Number of protein chains: 2
Amino acid sequence: MKSENTPAPTRVAILGGGFAGLELCKRLNSPDFDVTLVDRQNHHLFQPLLYQVATAGLAAPEIAQPLREIVSDQKNAHVRMAEVSGVDLPNQRVDLADGTAIEYDYLAIALGAKTGYFGNGGWAKHATGLKTLDDAMRIRREVLLAFERAETEPDPGEVKRLMTIVVVGGGPTGVELAGAFAELTRVVFEGDFRRIDPSEAHIILVEAGPRLLDPFPEDLSRYTEERLRKAGVDVRTGVRVEQISDGVVRIGGQDVRAATVIWAAGVEASPVTKSLGVPLDRAGRVIVGADLSLPGYPNVLALGDIAACTDRCGVRVPGLCPAAIQMGQHAAALIKNEVRLKKKGMADKAPLVRKQFAYRDKGIMATIGRSAAVAATGKFKMRGLIAWLAWLFVHLLFLVGFKNKVSVFLQWVYSYVTFKRASRIIMGMSHDDGGALSPPEIR
Amino acid sequence: MKSENTPAPTRVAILGGGFAGLELCKRLNSPDFDVTLVDRQNHHLFQPLLYQVATAGLAAPEIAQPLREIVSDQKNAHVRMAEVSGVDLPNQRVDLADGTAIEYDYLAIALGAKTGYFGNGGWAKHATGLKTLDDAMRIRREVLLAFERAETEPDPGEVKRLMTIVVVGGGPTGVELAGAFAELTRVVFEGDFRRIDPSEAHIILVEAGPRLLDPFPEDLSRYTEERLRKAGVDVRTGVRVEQISDGVVRIGGQDVRAATVIWAAGVEASPVTKSLGVPLDRAGRVIVGADLSLPGYPNVLALGDIAACTDRCGVRVPGLCPAAIQMGQHAAALIKNEVRLKKKGMADKAPLVRKQFAYRDKGIMATIGRSAAVAATGKFKMRGLIAWLAWLFVHLLFLVGFKNKVSVFLQWVYSYVTFKRASRIIMGMSHDDGGALSPPEIR
């Protein structure tokens with residue numbers, strides 16, 4: 001396909017428009033490349049604020065941006081909204097569920113992770129995860145409907161069940177959800193009900209490990225637990241969720257009846273990895289070399305949450321936004337460098353100069369609720385209002401980069417200050433005329 | 001139940017939290033009344049901007065507000081999120097689908113209208129109406145997905161079908177939708193696709209009558225038609241839609257293949273009216289007296305789009321927001337006056353002094369697209385930019401009243417100016433892992 005005079009552009013297929021895939025795509029903005037960006041959604045999602053959509057703080061479109069719009073000006077990039085059904089590595093071909101295929105010179109697999117139930121797939125029906133906008137909308141609908149039902153329910157036991165929310169998993173997502181639910185029920189709902197007292201909502205945060213926010217320094221974990229307890233959250237560490245069935249969660253041998261159960265305890269790699277025929281780790285992630293390539297396929301890289309990577313300094317790269325972005329940057333530099341060498345007729349030198357990835361730790365943060373957060377990076381750590389302001393600042397920077405989204409940030413600060421939740425709207429119930437109000441979500 | 005010393009509050013049941021019901025509720029803010037506001041949604045909807053949600057201009061929560069939040073401070077008002085299954089007028093009781101009932105002294109039926117297909121109920125499956133947020137979200141999803149499909153479709157005939165949108169009905173809703181779709185495809189989508197040219201989208205606006213916007217002066221109808229044609233809309237007046245099936249619309253004998261068909265041609269009253277046993281008009285609306293009461297039931301009023309009313313000046317009250325609000329005001333004044341008379345022991349005087357409703361015409365307006373609108377009130381009429389600014393001003397006033405929604409207005413003006421559509425987000429596709437991208441909406 002290539003001629004000596006005008007070489008055909010290098011075909012790069014990027015699977016996944018998350019932080020890693022999008023970063024790579026943007027950095028290959030040159031006529032040297034023909035980039036195809038595949039995602040099953042039409043939008044990039046600003047995942048760090050997804051819990052705000054689930055807890056009615058933000059509208060769904062406020063944390064998402066159409067991929068086509070993002071790469072509109074990058075004329076060498078093609079967006080394909082499609083499901084990946086498999087990858088044929090030896091033949092350098094991606095198969096899509098719509099029956100078409102994409103051939104590539106380089107492939108970046110950046111499909112991310114999905115909610116993982118540690119082998120208890122049956123729990124998925126009863127405990128929603130939080131990875132997509134649809135997940136967030138479902139959680140919002142479930143919780144808002146449960147309180148509507150509680151307001152008219154005569155049986156006190158049933159009222160209690162309707163007002164119980166169990167969040168499984170004490171990592172950042174679980175902590176943020178529990179904190180936001182405490183705020184929703186105790187502050188936002190205040191005065192809005194006549195029969196129930198929404199501040200009596202029972203919010204349980206369950207963590208199997210000995211403490212919340214395991215990757216954080218221990219004193220920050222303790223601080224987080226205290227803050228959540230003060231906010232009204234029933235924090236239970238060191239106990240396991242043993243069973244989740246329709247409306248009942250068994251926590252450390254005790255059955256808890258809860259209308260809403262949210263699973264924030266684990267993720268596993270996108271199932272596409274199983275079709276690759278390469279070694280995977282326990283969570284289904286692709287085990288890559290320090291250059292991010294798949295063993296035996298130097299032209300195939302795995303980026304972001306789908307990759308199990310130990311970098312050149314021996315650090316296990318965590319599943320965080322900054323890591324995903326850095327991996328996208330690394331992949332872009334690597335591909336660009338090799339294509340440049342090829343252009344100069346030095347393609348044989350490429351494997352010799354291939355760089356290895358080095359993760360730069362930007363630290364970790366989690367919000368606990370209104371004006372409280374924890375943050376840690378290396379030896380440095382923060383908590384309380386100052387950490388919350390830092391969290392705000394980091395997200396502001398991100399959102400500003402995320403063009404045209406400053407208004408979202410302002411809206412969100414505004415609703416924080418005023419305690420109004422602009423998105424307390426129940427949708428997706430598909431009423432039949434004259435039918436009963438009985439969405440299947442509410443048991 | 002009443003004693004001479006401390007009379008029990010008068011029980012007022014309001015069915016429907018739209019403009020009429022909410023206005024009545026707010027005006028009965030007094031311990032003299034015990035108000036129950038029933039709606040099957042948890043929110044009041046700012047219907048005049050619903051077309052903006054359908055065309056990806058605004059996020060759904062931006063034009064809706066939780067009813068509980070609106071009446072939070074009105075302690076005599078109880079919000080019930082429930083479906084009305086029937087009304088037993090002789091026994092003064094409203095039956096709810098959840099099996100409970102509400103007894104009343106006064107009843108206001110303000111359940112509004114739903115999409116009506118003139119007896120062709122089967123068309124509902126193929127032609128979405130636009131009355132609820134779920135409708136709007138479905139239309140948005142259908143249109144955005146059709147263009148995603150078109151981008152990868154090899155068959156040119158199929159591409160054409162995917163890029164065809166038929167809007168049935170040339171009233172304000174149809175005109176606003178057609179104008180907004182023209183803008184979405186010609187301006188917002190510009191540069192975002194690589195294979196298709198979205199400006200070739202075929203947007204057909206069908207009106208069976210001789211002209212668009214029938215209630216407007218004729219020259220404004222002509223102006224609207226010209227503006228829409230210039231914007232790229234295929235306006236067809238004086239032809240009927242004879243059949244709508246899966247992906248095909250027969251318009252005046254000609255079969256048009258279209259992936260998206262929207263029904264904006266008519267509404268009919270909420271089906272609850274059939275349970276009342278009182279005279280209804282052809283659209284199922286309750287025929288009320290000039291005092292808005294049902295024949296034989298002076299304590300039962302019908303308000304807003306569900307009422308067929310000829311006011312005391314012989315004017316047939318139109319199905320518009322201002323009319324609904326005025327009816328709510330009238331009902332509040334009427335009920336308050338009678339309760340006051342009863343308190344004074346002059347209940348027998350009530351029927352003698354009962355006021356009749358007089359509709360104050362605030363005029364009619366419709367937007368055609370970016371910076372063009374038409375407006376008419378009495379002899380006065382406007383068109384173009386000045387009418388659009390007037391439209392903007394009226395909606396600004398409304399939204400400001402709609403507390404805490406100024407930011408929406410600013411957001412919306414901003415997206416108007418920048419041609420960004422913050423809500424071009426596809427949701428509700430419920431992916432299975434590894435499954436195909438084949439939502440049933442796209443044929």
# chains A, B, ... in the order shown; residues from 1 in each chain; ligands from 1
>>> closest_atom_pairs(of="chain B", to="chain A", cutoff="7 Å", atoms="only C-alpha atoms", output="JSON lines")
{"residue": "B:Asn42", "atom": "CA", "partner": "A:Ile426", "partner_atom": "CA", "distance": 6.3}
{"residue": "B:His43", "atom": "CA", "partner": "A:Ile425", "partner_atom": "CA", "distance": 6.3}
{"residue": "B:Ala59", "atom": "CA", "partner": "A:Pro61", "partner_atom": "CA", "distance": 6.1}
{"residue": "B:Pro61", "atom": "CA", "partner": "A:Ser423", "partner_atom": "CA", "distance": 5.0}
{"residue": "B:Pro66", "atom": "CA", "partner": "A:Arg424", "partner_atom": "CA", "distance": 6.2}
{"residue": "B:Arg68", "atom": "CA", "partner": "A:Asp192", "partner_atom": "CA", "distance": 5.2}
{"residue": "B:Glu69", "atom": "CA", "partner": "A:Asp192", "partner_atom": "CA", "distance": 6.0}
{"residue": "B:Ser72", "atom": "CA", "partner": "A:Asp192", "partner_atom": "CA", "distance": 4.7}
{"residue": "B:His78", "atom": "CA", "partner": "A:Arg194", "partner_atom": "CA", "distance": 6.6}
{"residue": "B:Met81", "atom": "CA", "partner": "A:Glu148", "partner_atom": "CA", "distance": 6.5}
{"residue": "B:Ala82", "atom": "CA", "partner": "A:Leu437", "partner_atom": "CA", "distance": 6.3}
{"residue": "B:Glu83", "atom": "CA", "partner": "A:Leu437", "partner_atom": "CA", "distance": 6.0}
{"residue": "B:Ser85", "atom": "CA", "partner": "A:Gly434", "partner_atom": "CA", "distance": 5.9}
{"residue": "B:Ala97", "atom": "CA", "partner": "A:Ala436", "partner_atom": "CA", "distance": 5.0}
{"residue": "B:Asp98", "atom": "CA", "partner": "A:Ala436", "partner_atom": "CA", "distance": 6.6}
{"residue": "B:Leu133", "atom": "CA", "partner": "A:Met427", "partner_atom": "CA", "distance": 7.0}
{"residue": "B:Asp134", "atom": "CA", "partner": "A:Gly428", "partner_atom": "CA", "distance": 5.9}
{"residue": "B:Glu148", "atom": "CA", "partner": "A:Met81", "partner_atom": "CA", "distance": 6.5}
{"residue": "B:Gly191", "atom": "CA", "partner": "A:Ser72", "partner_atom": "CA", "distance": 5.7}
{"residue": "B:Asp192", "atom": "CA", "partner": "A:Ser72", "partner_atom": "CA", "distance": 4.7}
{"residue": "B:Arg194", "atom": "CA", "partner": "A:His78", "partner_atom": "CA", "distance": 6.6}
{"residue": "B:Ala422", "atom": "CA", "partner": "A:Pro61", "partner_atom": "CA", "distance": 6.5}
{"residue": "B:Ser423", "atom": "CA", "partner": "A:Pro61", "partner_atom": "CA", "distance": 5.0}
{"residue": "B:Arg424", "atom": "CA", "partner": "A:Pro66", "partner_atom": "CA", "distance": 6.2}
{"residue": "B:Ile425", "atom": "CA", "partner": "A:Pro61", "partner_atom": "CA", "distance": 6.1}
{"residue": "B:Ile426", "atom": "CA", "partner": "A:Asn42", "partner_atom": "CA", "distance": 6.3}
{"residue": "B:Met427", "atom": "CA", "partner": "A:Asp134", "partner_atom": "CA", "distance": 6.2}
{"residue": "B:Gly428", "atom": "CA", "partner": "A:Asp134", "partner_atom": "CA", "distance": 5.9}
{"residue": "B:Gly434", "atom": "CA", "partner": "A:Ser85", "partner_atom": "CA", "distance": 5.9}
{"residue": "B:Ala436", "atom": "CA", "partner": "A:Ala97", "partner_atom": "CA", "distance": 5.0}
{"residue": "B:Leu437", "atom": "CA", "partner": "A:Glu83", "partner_atom": "CA", "distance": 6.0}
>>> write_last_selection(atoms="C-alpha atoms", output="PDB file, in the first residue's frame")
ATOM      1  CA  ASN B  42     -42.080  14.018  40.376  1.00  0.00           C
ATOM      2  CA  HIS B  43     -41.553  17.269  38.515  1.00  0.00           C
ATOM      3  CA  ALA B  59     -30.474  18.732  29.303  1.00  0.00           C
ATOM      4  CA  PRO B  61     -33.373  18.443  34.219  1.00  0.00           C
ATOM      5  CA  PRO B  66     -39.223  18.762  41.503  1.00  0.00           C
ATOM      6  CA  ARG B  68     -41.669  18.822  46.283  1.00  0.00           C
ATOM      7  CA  GLU B  69     -39.033  21.494  46.028  1.00  0.00           C
ATOM      8  CA  SER B  72     -41.396  22.802  50.057  1.00  0.00           C
ATOM      9  CA  HIS B  78     -48.826  17.481  50.162  1.00  0.00           C
ATOM     10  CA  MET B  81     -46.389  11.048  43.063  1.00  0.00           C
ATOM     11  CA  ALA B  82     -49.073   8.691  41.824  1.00  0.00           C
ATOM     12  CA  GLU B  83     -51.164   7.712  38.862  1.00  0.00           C
ATOM     13  CA  SER B  85     -56.915   5.581  38.080  1.00  0.00           C
ATOM     14  CA  ALA B  97     -53.386   3.293  40.977  1.00  0.00           C
ATOM     15  CA  ASP B  98     -51.458   2.334  44.116  1.00  0.00           C
ATOM     16  CA  LEU B 133     -39.194  14.371  29.111  1.00  0.00           C
ATOM     17  CA  ASP B 134     -39.105  10.684  28.201  1.00  0.00           C
ATOM     18  CA  GLU B 148     -24.304   7.643  13.734  1.00  0.00           C
ATOM     19  CA  GLY B 191     -17.580  19.264  10.401  1.00  0.00           C
ATOM     20  CA  ASP B 192     -18.347  16.433  12.800  1.00  0.00           C
ATOM     21  CA  ARG B 194     -16.357  12.313   7.717  1.00  0.00           C
ATOM     22  CA  ALA B 422     -24.284  20.535  25.322  1.00  0.00           C
ATOM     23  CA  SER B 423     -26.796  17.702  25.304  1.00  0.00           C
ATOM     24  CA  ARG B 424     -25.797  15.713  22.238  1.00  0.00           C
ATOM     25  CA  ILE B 425     -25.564  12.675  24.459  1.00  0.00           C
ATOM     26  CA  ILE B 426     -27.101   9.323  23.685  1.00  0.00           C
ATOM     27  CA  MET B 427     -28.379   7.489  26.733  1.00  0.00           C
ATOM     28  CA  GLY B 428     -30.765   4.687  27.550  1.00  0.00           C
ATOM     29  CA  GLY B 434     -20.426  -7.899  23.848  1.00  0.00           C
ATOM     30  CA  ALA B 436     -24.569  -5.544  19.196  1.00  0.00           C
ATOM     31  CA  LEU B 437     -25.342  -1.873  18.937  1.00  0.00           C
TER      32      LEU B 437
END
>>> select_by_dssp(residues="segment 88-127 of chain A", states="strand (DSSP E or B)", output="compact mmCIF listing (two decimals) with N, CA and C atoms, in the first residue's frame")
# COMPACT_ATOMS: atom_id res chain seq x y z
N ASP A 88 -8.68 -9.53 16.06
CA ASP A 88 -7.88 -10.58 15.45
C ASP A 88 -6.46 -10.05 15.34
N ARG A 93 -6.80 -6.87 12.70
CA ARG A 93 -8.15 -6.49 12.34
C ARG A 93 -9.05 -6.45 13.58
N VAL A 94 -9.86 -5.39 13.69
CA VAL A 94 -10.85 -5.28 14.77
C VAL A 94 -12.21 -5.59 14.17
N ASP A 95 -12.94 -6.52 14.78
CA ASP A 95 -14.28 -6.85 14.30
C ASP A 95 -15.31 -6.08 15.13
N LEU A 96 -16.23 -5.46 14.43
CA LEU A 96 -17.28 -4.71 15.11
C LEU A 96 -18.58 -5.49 15.07
N ALA A 101 -15.38 -4.32 9.84
CA ALA A 101 -14.09 -4.54 10.48
C ALA A 101 -13.18 -3.34 10.20
N ILE A 102 -12.20 -3.16 11.04
CA ILE A 102 -11.23 -2.08 10.87
C ILE A 102 -9.84 -2.70 10.83
N GLU A 103 -9.07 -2.40 9.77
CA GLU A 103 -7.70 -2.88 9.70
C GLU A 103 -6.76 -1.80 10.22
N TYR A 106 -1.33 0.21 13.75
CA TYR A 106 -1.19 0.21 15.20
C TYR A 106 -2.58 0.10 15.82
N LEU A 107 -2.64 -0.57 16.93
CA LEU A 107 -3.91 -0.68 17.65
C LEU A 107 -3.69 -0.27 19.11
N ALA A 108 -4.57 0.58 19.61
CA ALA A 108 -4.56 0.92 21.03
C ALA A 108 -5.87 0.44 21.64
N ILE A 109 -5.77 -0.45 22.61
CA ILE A 109 -6.96 -0.98 23.28
C ILE A 109 -7.12 -0.20 24.58
N ALA A 113 -12.78 -0.35 32.07
CA ALA A 113 -13.27 -1.40 32.95
C ALA A 113 -14.77 -1.30 33.07
N LYS A 114 -15.37 -2.39 33.50
CA LYS A 114 -16.78 -2.36 33.84
C LYS A 114 -16.95 -2.87 35.26
N THR A 115 -18.14 -2.70 35.80
CA THR A 115 -18.37 -3.17 37.15
C THR A 115 -18.13 -4.67 37.24
>>> select_by_dssp(residues="segment 179-250 of chain B", states="helix (DSSP H, G or I)", output="ChimeraX atom specification")
/B:179-188,198-200,218-230
>>> write_last_selection(atoms="N, CA and C atoms", output="short mmCIF file (atom, residue, chain, number, x, y, z; two decimals), in the first residue's frame")
data_model
loop_
_atom_site.label_atom_id
_atom_site.label_comp_id
_atom_site.auth_asym_id
_atom_site.auth_seq_id
_atom_site.Cartn_x
_atom_site.Cartn_y
_atom_site.Cartn_z
N GLY B 179 -37.47 23.64 12.78
CA GLY B 179 -36.43 24.67 12.77
C GLY B 179 -35.20 24.23 13.55
N ALA B 180 -35.43 23.62 14.69
CA ALA B 180 -34.31 23.20 15.53
C ALA B 180 -33.56 22.02 14.90
N PHE B 181 -34.27 21.13 14.20
CA PHE B 181 -33.59 20.03 13.52
C PHE B 181 -32.75 20.56 12.35
N ALA B 182 -33.27 21.55 11.66
CA ALA B 182 -32.50 22.13 10.55
C ALA B 182 -31.19 22.69 11.10
N GLU B 183 -31.28 23.38 12.22
CA GLU B 183 -30.10 23.95 12.83
C GLU B 183 -29.13 22.88 13.32
N LEU B 184 -29.69 21.84 13.95
CA LEU B 184 -28.86 20.76 14.48
C LEU B 184 -28.05 20.13 13.35
N THR B 185 -28.69 19.82 12.25
CA THR B 185 -28.02 19.08 11.18
C THR B 185 -27.12 19.98 10.34
N ARG B 186 -27.55 21.24 10.13
CA ARG B 186 -26.79 22.11 9.23
C ARG B 186 -25.68 22.89 9.93
N VAL B 187 -25.89 23.20 11.20
CA VAL B 187 -24.92 24.04 11.89
C VAL B 187 -24.17 23.27 12.97
N VAL B 188 -24.91 22.66 13.89
CA VAL B 188 -24.26 22.01 15.03
C VAL B 188 -23.40 20.83 14.56
N PRO B 198 -23.98 16.05 6.88
CA PRO B 198 -25.23 16.16 7.65
C PRO B 198 -26.16 17.26 7.14
N SER B 199 -25.61 18.22 6.38
CA SER B 199 -26.48 19.29 5.88
C SER B 199 -27.40 18.78 4.77
N GLU B 200 -27.15 17.53 4.32
CA GLU B 200 -28.08 16.93 3.35
C GLU B 200 -29.27 16.26 4.03
N GLU B 218 -52.14 35.42 8.60
CA GLU B 218 -51.67 34.71 7.43
C GLU B 218 -50.26 35.11 7.00
N ASP B 219 -49.93 36.40 7.10
CA ASP B 219 -48.60 36.80 6.64
C ASP B 219 -47.49 36.23 7.51
N LEU B 220 -47.80 36.01 8.80
CA LEU B 220 -46.79 35.38 9.67
C LEU B 220 -46.61 33.92 9.30
N SER B 221 -47.68 33.27 8.89
CA SER B 221 -47.57 31.88 8.42
C SER B 221 -46.67 31.82 7.19
N ARG B 222 -46.91 32.75 6.27
CA ARG B 222 -46.09 32.78 5.04
C ARG B 222 -44.62 33.03 5.39
N TYR B 223 -44.41 33.98 6.28
CA TYR B 223 -43.04 34.30 6.71
C TYR B 223 -42.37 33.07 7.33
N THR B 224 -43.11 32.38 8.19
CA THR B 224 -42.57 31.18 8.85
C THR B 224 -42.17 30.14 7.81
N GLU B 225 -43.04 29.95 6.85
CA GLU B 225 -42.76 28.96 5.80
C GLU B 225 -41.50 29.33 5.03
N GLU B 226 -41.39 30.61 4.66
CA GLU B 226 -40.19 31.06 3.93
C GLU B 226 -38.93 30.85 4.74
N ARG B 227 -38.97 31.25 6.03
CA ARG B 227 -37.79 31.10 6.88
C ARG B 227 -37.40 29.63 7.01
N LEU B 228 -38.37 28.78 7.18
CA LEU B 228 -38.06 27.35 7.32
C LEU B 228 -37.47 26.80 6.02
N ARG B 229 -38.03 27.21 4.89
CA ARG B 229 -37.50 26.75 3.60
C ARG B 229 -36.04 27.19 3.44
N LYS B 230 -35.79 28.45 3.78
CA LYS B 230 -34.41 28.96 3.69
C LYS B 230 -33.47 28.17 4.60
#
>>> residues_around(residues="segment 275-283 of chain B", least_positions_apart="6", cutoff="10 Å", atoms="only C-alpha atoms", output="PDB file with N, CA and C atoms, in the first residue's frame")
ATOM      1  N   SER B  85     -56.250   6.636  38.856  1.00  0.00           N
ATOM      2  CA  SER B  85     -56.915   5.581  38.080  1.00  0.00           C
ATOM      3  C   SER B  85     -58.373   5.914  37.827  1.00  0.00           C
ATOM      4  N   GLY B  86     -58.960   6.765  38.639  1.00  0.00           N
ATOM      5  CA  GLY B  86     -60.345   7.149  38.390  1.00  0.00           C
ATOM      6  C   GLY B  86     -60.817   8.166  39.408  1.00  0.00           C
ATOM      7  N   VAL B  87     -61.940   8.812  39.095  1.00  0.00           N
ATOM      8  CA  VAL B  87     -62.512   9.779  40.015  1.00  0.00           C
ATOM      9  C   VAL B  87     -63.961   9.389  40.249  1.00  0.00           C
ATOM     10  N   ASP B  88     -64.339   9.286  41.510  1.00  0.00           N
ATOM     11  CA  ASP B  88     -65.721   8.971  41.871  1.00  0.00           C
ATOM     12  C   ASP B  88     -66.377  10.282  42.304  1.00  0.00           C
ATOM     13  N   LEU B  89     -67.012  10.961  41.341  1.00  0.00           N
ATOM     14  CA  LEU B  89     -67.551  12.293  41.622  1.00  0.00           C
ATOM     15  C   LEU B  89     -68.645  12.271  42.701  1.00  0.00           C
ATOM     16  N   PRO B  90     -69.633  11.352  42.621  1.00  0.00           N
ATOM     17  CA  PRO B  90     -70.689  11.393  43.649  1.00  0.00           C
ATOM     18  C   PRO B  90     -70.134  11.211  45.060  1.00  0.00           C
ATOM     19  N   ALA B 113     -53.002  17.195  28.611  1.00  0.00           N
ATOM     20  CA  ALA B 113     -53.292  16.438  27.404  1.00  0.00           C
ATOM     21  C   ALA B 113     -52.145  15.486  27.129  1.00  0.00           C
ATOM     22  N   GLY B 116     -52.247  12.749  20.750  1.00  0.00           N
ATOM     23  CA  GLY B 116     -53.426  12.097  20.194  1.00  0.00           C
ATOM     24  C   GLY B 116     -53.215  11.805  18.716  1.00  0.00           C
ATOM     25  N   PHE B 118     -55.630  10.824  16.476  1.00  0.00           N
ATOM     26  CA  PHE B 118     -56.904  10.860  15.742  1.00  0.00           C
ATOM     27  C   PHE B 118     -57.406   9.453  15.436  1.00  0.00           C
ATOM     28  N   GLY B 266     -51.432  16.591  17.067  1.00  0.00           N
ATOM     29  CA  GLY B 266     -52.641  16.696  17.857  1.00  0.00           C
ATOM     30  C   GLY B 266     -52.479  16.130  19.242  1.00  0.00           C
ATOM     31  N   VAL B 267     -53.354  16.582  20.100  1.00  0.00           N
ATOM     32  CA  VAL B 267     -53.357  16.061  21.454  1.00  0.00           C
ATOM     33  C   VAL B 267     -54.778  15.666  21.807  1.00  0.00           C
ATOM     34  N   GLU B 268     -54.903  14.841  22.816  1.00  0.00           N
ATOM     35  CA  GLU B 268     -56.222  14.552  23.350  1.00  0.00           C
ATOM     36  C   GLU B 268     -56.113  14.564  24.867  1.00  0.00           C
ATOM     37  N   ALA B 269     -57.248  14.683  25.508  1.00  0.00           N
ATOM     38  CA  ALA B 269     -57.233  14.814  26.961  1.00  0.00           C
ATOM     39  C   ALA B 269     -56.742  13.527  27.600  1.00  0.00           C
ATOM     40  N   LEU B 294     -67.626  21.348  36.581  1.00  0.00           N
ATOM     41  CA  LEU B 294     -68.266  20.297  35.806  1.00  0.00           C
ATOM     42  C   LEU B 294     -69.776  20.384  35.994  1.00  0.00           C
ATOM     43  N   PRO B 295     -70.558  20.105  34.953  1.00  0.00           N
ATOM     44  CA  PRO B 295     -72.011  20.178  35.074  1.00  0.00           C
ATOM     45  C   PRO B 295     -72.498  19.267  36.195  1.00  0.00           C
ATOM     46  N   GLY B 296     -73.218  19.839  37.151  1.00  0.00           N
ATOM     47  CA  GLY B 296     -73.748  19.048  38.261  1.00  0.00           C
ATOM     48  C   GLY B 296     -72.805  18.920  39.438  1.00  0.00           C
ATOM     49  N   TYR B 297     -71.569  19.348  39.287  1.00  0.00           N
ATOM     50  CA  TYR B 297     -70.588  19.245  40.381  1.00  0.00           C
ATOM     51  C   TYR B 297     -69.880  20.581  40.581  1.00  0.00           C
ATOM     52  N   ILE B 306     -57.069  20.076  29.811  1.00  0.00           N
ATOM     53  CA  ILE B 306     -58.064  19.003  29.927  1.00  0.00           C
ATOM     54  C   ILE B 306     -59.482  19.558  29.854  1.00  0.00           C
ATOM     55  N   ALA B 307     -59.612  20.875  29.929  1.00  0.00           N
ATOM     56  CA  ALA B 307     -60.931  21.514  29.958  1.00  0.00           C
ATOM     57  C   ALA B 307     -61.290  22.081  28.590  1.00  0.00           C
ATOM     58  N   ALA B 308     -62.524  21.850  28.168  1.00  0.00           N
ATOM     59  CA  ALA B 308     -63.067  22.533  26.991  1.00  0.00           C
ATOM     60  C   ALA B 308     -63.965  23.639  27.525  1.00  0.00           C
TER      61      ALA B 308
END
>>> atom_distance(atom1="atom CA of Val235 of chain B", atom2="atom CA of Ala201 of chain B")
13.8 Å
>>> atom_distance(atom1="atom CA of Gly21 of chain A", atom2="atom CA of Ala373 of chain A")
28.8 Å
>>> atom_distance(atom1="atom CA of Ile139 of chain A", atom2="atom CA of Ala264 of chain A")
12.1 Å
